[in-house]
>>> print(open('start.txt').read())   # compact mmCIF, C-alpha atoms
# COMPACT_ATOMS: atom_id res chain seq x y z
CA MET A 10 -68.54 -0.98 -173.64
CA SER A 11 -69.63 -0.70 -170.11
CA ASN A 12 -66.59 -1.31 -167.94
CA ASN A 13 -63.18 0.28 -167.99
CA SER A 14 -61.18 -2.90 -168.59
CA GLN A 15 -63.17 -3.53 -171.79
CA LYS A 16 -62.49 0.03 -172.89
CA ASN A 17 -58.78 -0.34 -172.13
CA GLN A 18 -58.63 -3.60 -174.05
CA PHE A 19 -60.38 -2.15 -177.09
CA PHE A 20 -58.12 0.90 -177.05
CA SER A 21 -54.98 -1.26 -176.82
CA GLU A 22 -56.08 -3.40 -179.77
CA ILE A 23 -56.66 -0.36 -181.96
CA TYR A 24 -53.53 1.36 -180.69
CA ASN A 25 -51.26 -1.58 -181.51
CA LYS A 26 -52.89 -2.05 -184.90
CA TYR A 27 -52.58 1.57 -186.01
CA ILE A 28 -49.75 3.20 -184.08
CA ASP A 29 -47.15 2.53 -186.81
CA LYS A 30 -49.49 3.66 -189.58
CA ILE A 31 -50.63 6.84 -187.92
CA TYR A 32 -47.11 7.75 -186.86
CA ARG A 33 -45.82 7.19 -190.41
CA PHE A 34 -48.74 9.10 -191.90
CA VAL A 35 -47.96 12.07 -189.66
CA TYR A 36 -44.18 11.81 -189.96
CA LEU A 37 -44.30 11.91 -193.75
CA LYS A 38 -46.17 15.20 -193.54
CA VAL A 39 -44.20 16.94 -190.79
CA SER A 40 -40.73 15.42 -191.31
CA SER A 41 -39.87 15.68 -187.62
CA GLU A 42 -39.75 12.81 -185.18
CA THR A 43 -40.66 14.98 -182.18
CA ILE A 44 -43.59 16.66 -183.89
CA ALA A 45 -44.77 13.34 -185.34
CA GLN A 46 -44.68 11.81 -181.85
CA ASP A 47 -46.62 14.73 -180.35
CA LEU A 48 -49.32 14.69 -183.03
CA THR A 49 -49.64 10.91 -182.99
CA SER A 50 -49.94 10.90 -179.22
CA GLU A 51 -52.63 13.60 -179.45
CA THR A 52 -54.49 11.58 -182.11
CA PHE A 53 -54.71 8.52 -179.89
CA THR A 54 -55.50 10.60 -176.80
CA ARG A 55 -58.52 12.03 -178.61
CA PHE A 56 -59.51 8.56 -179.74
CA TRP A 57 -59.27 7.30 -176.15
CA TYR A 58 -61.41 10.20 -174.99
CA GLN A 59 -64.16 9.09 -177.39
CA ILE A 60 -63.96 5.51 -176.15
CA TYR A 61 -63.98 6.62 -172.53
CA LEU A 62 -67.13 8.68 -173.12
CA ASP A 63 -68.82 5.69 -174.76
CA LYS A 64 -69.08 7.46 -178.09
CA LYS A 65 -69.74 5.07 -180.93
CA ILE A 66 -66.94 4.92 -183.48
CA LYS A 67 -68.06 3.03 -186.55
CA ASN A 68 -64.72 3.05 -188.32
CA PRO A 69 -61.70 3.49 -186.02
CA SER A 70 -59.21 3.70 -188.87
CA ALA A 71 -61.14 6.47 -190.67
CA PHE A 72 -61.56 8.25 -187.33
CA LEU A 73 -57.84 8.10 -186.51
CA TYR A 74 -56.72 9.28 -189.95
CA GLN A 75 -59.24 12.11 -189.82
CA ILE A 76 -57.96 13.31 -186.44
CA ALA A 77 -54.36 12.99 -187.60
CA ARG A 78 -55.06 14.97 -190.78
CA ASN A 79 -56.78 17.73 -188.81
CA LEU A 80 -53.92 17.90 -186.33
CA VAL A 81 -51.37 18.21 -189.14
CA ILE A 82 -53.43 21.00 -190.74
CA ASP A 83 -53.69 22.77 -187.37
CA PHE A 84 -49.97 22.34 -186.86
CA TYR A 85 -49.12 24.04 -190.17
CA ARG A 86 -51.63 26.81 -189.51
CA LYS A 87 -50.02 27.59 -186.18
CA GLU A 88 -46.55 27.40 -187.66
CA GLU A 89 -47.53 29.78 -190.43
CA ALA A 90 -49.11 32.16 -187.94
CA VAL A 91 -45.83 32.53 -186.05
CA ASN A 92 -43.79 32.33 -189.26
CA LEU A 93 -41.57 29.58 -187.97
CA VAL A 94 -42.06 26.94 -190.65
CA PRO A 95 -38.88 24.94 -191.13
CA ILE A 96 -38.17 25.01 -194.84
CA GLU A 97 -38.18 21.23 -195.15
CA ASN A 98 -41.60 21.06 -193.50
CA CYS A 99 -43.30 23.42 -195.87
CA LYS A 100 -43.95 22.01 -199.30
CA GLU A 101 -45.06 25.39 -200.64
CA MET A 102 -41.68 26.81 -199.79
CA SER A 103 -39.61 23.96 -201.21
CA ASP A 104 -38.64 24.10 -204.85
CA PRO A 105 -40.67 21.53 -206.77
CA HIS A 106 -38.17 21.67 -209.60
CA ALA A 107 -35.20 20.90 -207.41
CA ASN A 108 -32.95 18.25 -208.88
CA LEU A 109 -33.89 15.16 -206.90
CA GLU A 110 -30.87 13.20 -208.12
CA GLU A 111 -28.60 15.84 -206.62
CA LYS A 112 -30.42 15.43 -203.40
CA ALA A 113 -30.16 11.70 -203.76
CA SER A 114 -26.42 12.00 -203.59
CA VAL A 115 -26.80 12.95 -199.96
CA LEU A 116 -30.15 11.46 -199.19
CA SER A 117 -31.06 7.83 -199.31
CA ASP A 118 -33.48 6.47 -201.92
CA MET A 119 -36.10 6.49 -199.25
CA GLU A 120 -35.61 10.17 -198.65
CA VAL A 121 -35.97 10.89 -202.35
CA VAL A 122 -39.34 9.17 -202.44
CA ARG A 123 -40.41 10.90 -199.27
CA THR A 124 -39.40 14.32 -200.59
CA ALA A 125 -41.22 13.72 -203.86
CA LEU A 126 -44.24 12.44 -202.00
CA VAL A 127 -44.57 15.40 -199.66
CA ASN A 128 -44.42 17.74 -202.63
CA LEU A 129 -47.63 16.24 -204.01
CA LYS A 130 -50.96 17.78 -203.17
CA GLU A 131 -52.54 16.44 -200.02
CA ASP A 132 -55.10 14.11 -201.61
CA TYR A 133 -52.40 12.49 -203.74
CA GLN A 134 -50.11 12.04 -200.74
CA ASN A 135 -52.90 10.48 -198.73
CA VAL A 136 -54.09 7.95 -201.31
CA ILE A 137 -50.51 6.78 -201.93
CA ILE A 138 -49.79 6.45 -198.19
CA TRP A 139 -53.05 4.65 -197.47
CA ARG A 140 -52.85 2.30 -200.47
CA TYR A 141 -49.16 1.35 -200.59
CA LEU A 142 -47.87 2.01 -197.08
CA ASP A 143 -50.87 1.33 -194.87
CA ASP A 144 -52.31 -1.32 -197.20
CA LEU A 145 -55.85 0.01 -197.08
CA SER A 146 -58.22 -1.34 -199.72
CA ILE A 147 -59.91 1.00 -202.20
CA PRO A 148 -63.28 0.76 -200.33
CA GLU A 149 -61.51 1.59 -197.05
CA ILE A 150 -59.80 4.62 -198.61
CA ALA A 151 -63.15 5.69 -200.05
CA LYS A 152 -64.64 5.65 -196.55
CA VAL A 153 -61.79 7.65 -195.05
CA MET A 154 -61.93 10.22 -197.86
CA GLU A 155 -65.73 10.18 -197.96
CA LYS A 156 -65.57 9.79 -201.73
CA SER A 157 -66.71 7.12 -204.16
CA GLU A 158 -64.46 4.17 -204.96
CA GLY A 159 -64.27 5.33 -208.59
CA THR A 160 -63.01 8.74 -207.50
CA VAL A 161 -60.40 7.08 -205.28
CA ARG A 162 -59.14 4.91 -208.16
CA VAL A 163 -58.83 7.93 -210.45
CA THR A 164 -57.10 9.96 -207.71
CA LEU A 165 -54.68 7.12 -207.02
CA HIS A 166 -53.85 6.75 -210.71
CA ARG A 167 -53.18 10.48 -211.05
CA ALA A 168 -51.18 10.54 -207.83
CA LEU A 169 -48.86 7.78 -209.01
CA LYS A 170 -48.44 9.46 -212.37
CA THR A 171 -47.56 12.79 -210.74
CA LEU A 172 -45.15 11.11 -208.33
CA ARG A 173 -43.42 9.22 -211.15
CA ILE A 174 -42.99 12.45 -213.12
CA ALA A 175 -41.57 14.13 -210.03
CA MET A 176 -39.17 11.26 -209.41
CA ASN A 177 -37.98 11.20 -213.03
CA GLN A 178 -37.66 14.95 -213.40
CA GLY A 179 -34.43 14.93 -211.52
CA MET B 9 -38.49 6.20 -216.52
CA LEU B 10 -39.62 4.16 -213.49
CA SER B 11 -42.26 1.53 -214.12
CA GLU B 12 -45.32 1.54 -211.88
CA ASN B 13 -44.14 -1.56 -210.02
CA GLU B 14 -40.71 -0.06 -209.39
CA LEU B 15 -42.33 3.11 -208.15
CA ILE B 16 -44.60 1.18 -205.79
CA LYS B 17 -41.61 -0.78 -204.46
CA LYS B 18 -39.79 2.49 -203.77
CA ILE B 19 -42.85 3.89 -202.04
CA GLN B 20 -43.09 0.77 -199.89
CA GLU B 21 -39.55 1.35 -198.71
CA LEU B 22 -41.09 4.11 -196.63
CA LYS B 23 -42.65 1.38 -194.48
CA GLN B 24 -39.31 1.40 -192.70
CA ILE B 25 -40.44 4.61 -191.06
CA GLN B 26 -41.65 3.42 -187.69
CA PRO B 27 -42.05 5.00 -184.30
CA ASN B 28 -39.56 4.27 -181.56
CA GLN B 29 -41.00 1.19 -179.84
CA ASN B 30 -40.20 2.48 -176.33
CA TRP B 31 -42.00 5.70 -177.12
CA ALA B 32 -44.99 3.75 -178.49
CA VAL B 33 -45.31 1.64 -175.33
CA LEU B 34 -44.85 4.59 -173.00
CA THR B 35 -47.40 6.66 -174.91
CA GLU B 36 -50.00 3.91 -174.70
CA ASN B 37 -49.49 3.63 -170.94
CA LYS B 38 -49.55 7.38 -170.55
CA ILE B 39 -52.87 7.72 -172.41
CA LEU B 40 -54.50 4.89 -170.48
CA SER B 41 -53.25 6.11 -167.11
CA ALA B 42 -54.65 9.57 -167.84
CA THR B 43 -58.18 8.19 -167.51
CA PRO B 44 -59.29 10.21 -164.45
CA SER B 45 -58.69 13.54 -166.20
CA PHE B 46 -61.05 12.44 -168.96
CA LYS B 47 -63.86 11.70 -166.58
CA PRO B 48 -66.85 13.38 -168.15
CA LYS B 49 -68.43 16.12 -166.12
CA THR B 50 -71.89 15.31 -164.87
CA GLN B 51 -74.23 17.13 -167.13
CA ILE B 52 -77.53 18.19 -165.63
CA PHE B 53 -78.78 19.13 -169.01
CA SER B 54 -77.19 17.64 -172.10
CA LEU B 55 -76.91 19.91 -175.13
CA ASN B 56 -77.20 16.78 -177.27
CA LEU B 57 -80.89 16.81 -176.46
CA PHE B 58 -81.26 19.82 -178.74
CA TYR B 59 -80.26 17.66 -181.67
CA GLN B 60 -83.19 15.30 -181.06
CA PRO B 61 -86.00 16.46 -183.39
CA ALA B 62 -88.78 15.60 -180.94
CA PHE B 63 -87.09 17.49 -178.14
CA ALA B 64 -86.30 20.43 -180.42
CA ILE B 65 -89.97 20.73 -181.45
CA ALA B 66 -91.20 20.38 -177.87
CA PHE B 67 -88.64 22.88 -176.63
CA SER B 68 -89.53 25.37 -179.39
CA CYS B 69 -93.24 25.05 -178.55
CA PHE B 70 -92.45 25.56 -174.87
CA ILE B 71 -90.43 28.70 -175.64
CA LEU B 72 -93.14 29.99 -178.00
CA ILE B 73 -95.90 29.44 -175.44
CA GLY B 74 -93.71 31.09 -172.81
CA LEU B 75 -93.14 34.10 -175.07
CA VAL B 76 -96.85 34.44 -175.92
CA PHE B 77 -97.80 34.21 -172.24
CA GLY B 78 -95.04 36.57 -171.19
CA LEU B 79 -96.06 39.13 -173.80
CA SER B 80 -99.75 38.78 -172.93
CA PHE B 81 -99.05 39.23 -169.21
CA THR B 82 -96.98 42.33 -169.91
CA VAL B 83 -99.69 43.85 -172.12
CA ALA B 84 -102.36 42.81 -169.59
CA GLN B 85 -100.76 44.92 -166.85
CA ASN B 86 -102.05 48.09 -168.56
CA THR B 87 -105.58 46.86 -169.10
CA VAL B 88 -108.72 48.03 -167.31
CA PRO B 89 -111.93 46.12 -166.55
CA GLY B 90 -113.79 45.35 -169.79
CA ASP B 91 -110.57 44.80 -171.79
CA THR B 92 -109.95 41.39 -173.34
CA LEU B 93 -106.78 40.65 -171.40
CA TYR B 94 -108.01 42.03 -168.06
CA SER B 95 -108.71 38.53 -166.76
CA LEU B 96 -105.01 37.72 -167.25
CA LYS B 97 -104.08 40.70 -165.10
CA LYS B 98 -106.43 39.51 -162.36
CA PHE B 99 -105.08 35.99 -162.69
CA SER B 100 -101.48 37.16 -162.25
CA GLU B 101 -102.50 39.23 -159.19
CA ASN B 102 -104.24 36.25 -157.65
CA VAL B 103 -101.16 34.11 -158.24
CA GLN B 104 -98.96 36.75 -156.61
CA MET B 105 -101.35 36.87 -153.65
CA VAL B 106 -100.85 33.14 -153.06
CA PHE B 107 -97.20 33.81 -152.29
CA VAL B 108 -97.85 36.69 -149.88
CA ALA B 109 -97.21 35.88 -146.19
CA PRO B 110 -100.44 35.82 -144.08
CA GLN B 111 -99.35 38.80 -141.94
CA GLU B 112 -98.65 40.84 -145.10
CA LYS B 113 -101.97 39.96 -146.73
CA PRO B 114 -104.14 42.82 -145.36
CA VAL B 115 -101.73 45.45 -146.71
CA ALA B 116 -101.46 43.58 -150.04
CA ILE B 117 -105.28 43.50 -150.32
CA LEU B 118 -105.36 47.23 -149.68
CA GLY B 119 -102.79 47.65 -152.46
CA GLN B 120 -105.06 45.74 -154.84
CA ALA B 121 -108.00 47.96 -153.90
CA GLN B 122 -105.89 51.00 -154.77
CA LYS B 123 -105.15 49.45 -158.16
CA ARG B 124 -108.88 48.99 -158.82
CA LEU B 125 -109.47 52.63 -157.94
CA ALA B 126 -106.60 53.68 -160.21
CA GLU B 127 -108.21 51.71 -163.07
CA LEU B 128 -111.54 53.37 -162.36
CA SER B 129 -109.86 56.75 -162.30
CA LYS B 130 -108.16 56.01 -165.66
CA ILE B 131 -111.50 55.13 -167.26
CA THR B 132 -113.21 58.27 -165.95
CA GLN B 133 -110.38 60.43 -167.28
CA GLU B 134 -110.73 59.05 -170.82
CA ASN B 135 -113.25 61.00 -172.87
CA LYS B 136 -114.48 58.08 -174.93
CA ASN B 137 -117.75 56.34 -174.32
CA GLN B 138 -116.61 54.01 -171.59
CA GLY B 139 -120.02 52.95 -170.24
CA LYS B 140 -119.37 49.24 -170.21
CA LYS B 141 -115.86 49.60 -168.86
CA LEU B 142 -117.02 52.02 -166.19
CA ALA B 143 -119.67 49.58 -164.97
CA ALA B 144 -117.17 46.71 -165.01
CA SER B 145 -114.59 48.78 -163.19
CA ILE B 146 -117.00 49.90 -160.47
CA GLY B 147 -117.96 46.25 -160.02
CA GLN B 148 -114.29 45.29 -159.64
CA THR B 149 -113.67 48.13 -157.18
CA GLN B 150 -116.67 47.18 -155.04
CA GLU B 151 -115.51 43.57 -155.02
CA SER B 152 -112.02 44.61 -154.03
CA LEU B 153 -113.18 46.93 -151.23
CA SER B 154 -115.48 44.18 -149.90
CA GLU B 155 -112.43 41.91 -149.83
CA VAL B 156 -110.63 44.64 -147.86
CA SER B 157 -113.43 44.74 -145.26
CA LYS B 158 -113.49 40.97 -144.97
CA THR B 159 -109.73 40.64 -144.62
CA LEU B 160 -109.32 43.46 -142.12
CA LYS B 161 -112.05 42.03 -139.93
CA GLY B 162 -110.32 38.64 -139.86
CA VAL B 163 -106.98 39.92 -138.61
CA PRO B 164 -106.17 38.89 -134.98
CA ASP B 165 -105.95 41.79 -132.48
CA LEU B 166 -102.24 41.30 -131.84
CA GLU B 167 -101.45 41.62 -135.53
CA LYS B 168 -103.66 44.70 -135.82
CA GLU B 169 -101.24 46.47 -133.47
CA THR B 170 -98.39 45.93 -135.94
CA ILE B 171 -100.17 46.91 -139.13
CA ALA B 172 -102.51 49.61 -137.83
CA GLU B 173 -100.45 52.55 -139.08
CA LYS B 174 -100.01 51.07 -142.58
CA VAL B 175 -103.70 50.20 -142.83
CA VAL B 176 -104.80 53.69 -141.77
CA LEU B 177 -102.50 55.36 -144.29
CA GLU B 178 -103.71 53.04 -147.09
CA ILE B 179 -107.37 53.53 -146.16
CA GLU B 180 -106.92 57.30 -146.12
CA SER B 181 -105.34 57.11 -149.56
CA ILE B 182 -108.23 54.94 -150.79
CA LYS B 183 -110.75 57.40 -149.39
CA GLY B 184 -109.02 60.25 -151.22
CA GLN B 185 -109.10 58.37 -154.54
CA GLN B 186 -112.67 57.30 -153.97
CA LYS B 187 -113.79 60.85 -153.26
CA ALA B 188 -112.12 62.23 -156.40
CA ILE B 189 -113.70 59.57 -158.60
CA GLU B 190 -117.14 60.00 -157.07
CA GLU B 191 -116.96 63.72 -157.78
CA SER B 192 -115.94 62.96 -161.35
CA ILE B 193 -118.70 60.45 -162.11
CA GLN B 194 -121.24 62.18 -159.90
CA ALA B 195 -122.17 58.89 -158.27
CA ASP B 196 -121.20 56.72 -155.30
CA ILE B 197 -118.89 53.80 -155.90
CA MET B 198 -120.15 51.74 -152.97
CA ASN B 199 -123.66 51.39 -151.65
CA GLU B 200 -124.42 52.25 -148.03
CA GLY B 201 -124.07 48.68 -146.79
CA GLN B 202 -120.64 48.27 -148.35
CA GLU B 203 -119.52 51.65 -147.08
CA GLU B 204 -120.66 50.82 -143.56
CA SER B 205 -118.94 47.45 -143.64
CA LEU B 206 -115.65 49.07 -144.67
CA VAL B 207 -115.92 51.68 -141.90
CA GLN B 208 -116.68 49.03 -139.29
CA SER B 209 -113.78 46.86 -140.38
CA THR B 210 -111.33 49.75 -140.06
CA ILE B 211 -112.49 51.31 -136.75
CA SER B 212 -110.22 49.17 -134.58
CA TYR B 213 -107.18 50.07 -136.71
CA TYR B 214 -107.97 53.79 -136.41
CA ASN B 215 -108.38 53.45 -132.64
CA ILE B 216 -105.06 51.65 -132.24
CA TYR B 217 -103.32 54.14 -134.49
CA LEU B 218 -104.80 57.22 -132.79
CA GLU B 219 -104.12 55.93 -129.28
CA LYS B 220 -100.49 55.37 -130.19
CA GLU B 221 -100.18 58.79 -131.80
CA ILE B 222 -101.83 60.53 -128.82
CA GLU B 223 -99.47 58.71 -126.46
CA LYS B 224 -96.51 59.80 -128.56
CA LEU B 225 -97.72 63.39 -128.54
CA LYS B 226 -98.16 63.37 -124.78
CA ASN B 227 -94.47 62.57 -124.43
CA SER B 228 -93.51 65.40 -126.78
CA ALA B 229 -92.84 69.05 -125.96
CA LEU B 230 -96.07 70.77 -127.01
CA THR B 231 -97.22 74.33 -126.90
CA LYS B 232 -100.23 75.27 -124.77
CA GLU B 233 -102.40 75.41 -127.88
CA GLN B 234 -101.22 71.95 -129.03
CA GLU B 235 -101.89 70.52 -125.55
CA LEU B 236 -105.47 71.79 -125.79
CA LEU B 237 -105.86 70.26 -129.24
CA LEU B 238 -104.48 66.95 -127.98
CA GLU B 239 -107.01 66.99 -125.13
CA GLU B 240 -109.76 67.63 -127.67
CA ALA B 241 -108.54 64.75 -129.84
CA GLU B 242 -108.65 62.42 -126.85
CA ASN B 243 -112.23 63.46 -126.10
CA GLU B 244 -113.30 63.04 -129.72
CA LEU B 245 -111.75 59.56 -129.86
CA ALA B 246 -113.45 58.63 -126.58
CA GLN B 247 -116.79 59.72 -128.08
CA GLY B 248 -116.11 57.65 -131.21
CA ASN B 249 -115.55 60.64 -133.46
CA ILE B 250 -112.59 59.13 -135.23
CA GLU B 251 -112.61 61.44 -138.22
CA ARG B 252 -112.25 64.56 -136.10
CA ALA B 253 -109.63 62.98 -133.79
CA LEU B 254 -107.58 62.00 -136.84
CA GLU B 255 -107.85 65.47 -138.30
CA ILE B 256 -106.52 67.00 -135.08
CA VAL B 257 -103.69 64.49 -134.65
CA VAL B 258 -102.53 64.43 -138.27
CA LYS B 259 -103.24 67.93 -139.48
CA GLU B 260 -103.77 70.40 -136.63
CA ILE B 261 -101.20 69.50 -133.98
CA PRO B 262 -98.08 69.04 -136.17
CA PRO B 263 -95.47 70.45 -136.41
CA TYR B 264 -94.36 69.65 -132.91
>>> encode(input="start.txt", output="structure tokens")
Amino acid sequence: MSNNSQKNQFFSEIYNKYIDKIYRFVYLKVSSETIAQDLTSETFTRFWYQIYLDKKIKNPSAFLYQIARNLVIDFYRKEEAVNLVPIENCKEMSDPHANLEEKASVLSDMEVVRTALVNLKEDYQNVIIWRYLDDLSIPEIAKVMEKSEGTVRVTLHRALKTLRIAMNQG
Amino acid sequence: MLSENELIKKIQELKQIQPNQNWAVLTENKILSATPSFKPKTQIFSLNLFYQPAFAIAFSCFILIGLVFGLSFTVAQNTVPGDTLYSLKKFSENVQMVFVAPQEKPVAILGQAQKRLAELSKITQENKNQGKKLAASIGQTQESLSEVSKTLKGVPDLEKETIAEKVVLEIESIKGQQKAIEESIQADIMNEGQEESLVQSTISYYNIYLEKEIEKLKNSALTKEQELLLEEAENELAQGNIERALEIVVKEIPPY
């Protein structure tokens, strides 16, 4: 991409295609609209920087998810360092055995799924989000995770099983 | 117990989570309008080059050669004629001489001659059998002193005025070193022709220097005895007896 208008056009295409997905991916992990907006904005800013510098990006979706994941990890590290983790943002601090049906009385169905989902380990969360929310194919998930397709299928199967158990435990 | 399909449907309800559309549009514009701050800095030397295998090998070789040369040059500075690395020392001196300003060259050549004498002195002080080194060192010293004669002769008269004092002091120092070495090895370093050539090339400098010194002394407050000595120095210089005139001016008249 030699000129700026081509770069802008390419960025806009990718931005419009992935903004909802990346925002949702981040939001599900941080449970805060403001933080999700900040981290999503930073993800695309870094992506734009790469385009502007003419860096070759073979797989924009894998690149964006990777940046977003790293930013979420950094966010939790910083939060832990200053000991200001909101209890709902920290899965380690939330009670995995909490009665989800009780919560459901005040939370919507959607919130129940979200709460159960964020209590899964990171790989399980990611495969479920990518497969059923972002509609990525198994080969695409394999590329993002840098794992074989077989491993992704097994991980997805285990993730669903764990989520179902969590949902039914309540 | 939820079936897998029911579970997936519930998960897909989360698709309702979407960013605020106004925020999304504004963020896109904000990122794109921030272009100037992302302008890459002009890199004179890109670090990415180091990740190119060919460049890395070439760069490593360059550094290695540089280190070997650097080390050799450092070691060579302590060598004397006849040592393996002595030619490197001479080479580095010749390179340095290229960068010396023409008016500074005579003094620099005199400095080199002093170095040759110092090497010769070092060899004579070592008790080992240094026959070959001694011969090589005498050869180097003769060559260097011949270069001194040649250079000093070629200096224009006007420039001689400026450097006369420095040249005389250096020559006197050389003579002192030469005398000490000759006593040690019981032999002359230079043959008569070379000696004569050196004397001839330095006469004008001695004359200029002595005339200036005598003039300075005339304007100083001298005792009667010093005035007589100064008169004697003038006579000696007029008769061409530079050695005696210098002795009087430098050693006998001071302090004044």
>>> atom_distance(input="start.txt", atom1="CA of Ile138 (chain A)", atom2="CA of Glu36 (chain B)")
23.6 Å
>>> residues_around(input="start.txt", residues="region 160-171 of chain A", least_positions_apart="4", cutoff="7 Å", atoms="all atoms listed in the file", output="PyMOL selection string")
chain A and resi 133+136-137+147+151+156+175
>>> interface_residues(input="start.txt", of="chain B", to="chain A", cutoff="7 Å", atoms="only C-alpha atoms", output="compact mmCIF listing (two decimals) with C-alpha atoms, in the frame of the given file")
# COMPACT_ATOMS: atom_id res chain seq x y z
CA MET B 9 -38.49 6.20 -216.52
CA LEU B 10 -39.62 4.16 -213.49
CA LEU B 15 -42.33 3.11 -208.15
CA ILE B 16 -44.60 1.18 -205.79
CA LYS B 18 -39.79 2.49 -203.77
CA ILE B 19 -42.85 3.89 -202.04
CA GLN B 20 -43.09 0.77 -199.89
CA GLU B 21 -39.55 1.35 -198.71
CA LEU B 22 -41.09 4.11 -196.63
CA LYS B 23 -42.65 1.38 -194.48
CA ILE B 25 -40.44 4.61 -191.06
CA GLN B 26 -41.65 3.42 -187.69
CA PRO B 27 -42.05 5.00 -184.30
CA THR B 35 -47.40 6.66 -174.91
CA ILE B 39 -52.87 7.72 -172.41
CA LEU B 40 -54.50 4.89 -170.48
CA PHE B 46 -61.05 12.44 -168.96
CA PRO B 48 -66.85 13.38 -168.15
>>> atom_distance(input="start.txt", atom1="CA of Lys98 (chain B)", atom2="CA of Ser181 (chain B)")
21.8 Å
>>> residues_around(input="start.txt", residues="Thr52 (chain A)", least_positions_apart="4", cutoff="7 Å", atoms="all atoms listed in the file", output="ChimeraX atom specification")
/A:48,56,73,76-77
>>> atom_distance(input="start.txt", atom1="CA of Leu236 (chain B)", atom2="CA of Ile261 (chain B)")
9.5 Å
>>> residues_around(input="start.txt", residues="Pro89 (chain B)", least_positions_apart="5", cutoff="7 Å", atoms="all atoms listed in the file", output="PDB file with C-alpha atoms, in the coordinates of the input")
ATOM      1  CA  TYR B  94    -108.010  42.030-168.060  1.00  0.00           C
ATOM      2  CA  LYS B 141    -115.860  49.600-168.860  1.00  0.00           C
ATOM      3  CA  ALA B 144    -117.170  46.710-165.010  1.00  0.00           C
ATOM      4  CA  SER B 145    -114.590  48.780-163.190  1.00  0.00           C
TER       5      SER B 145
END
>>> closest_residue(input="start.txt", among="A:Thr43, A:Pro69, A:Glu131, A:Lys64", to="Glu22 (chain A)", atoms="only C-alpha atoms")
A:Pro69
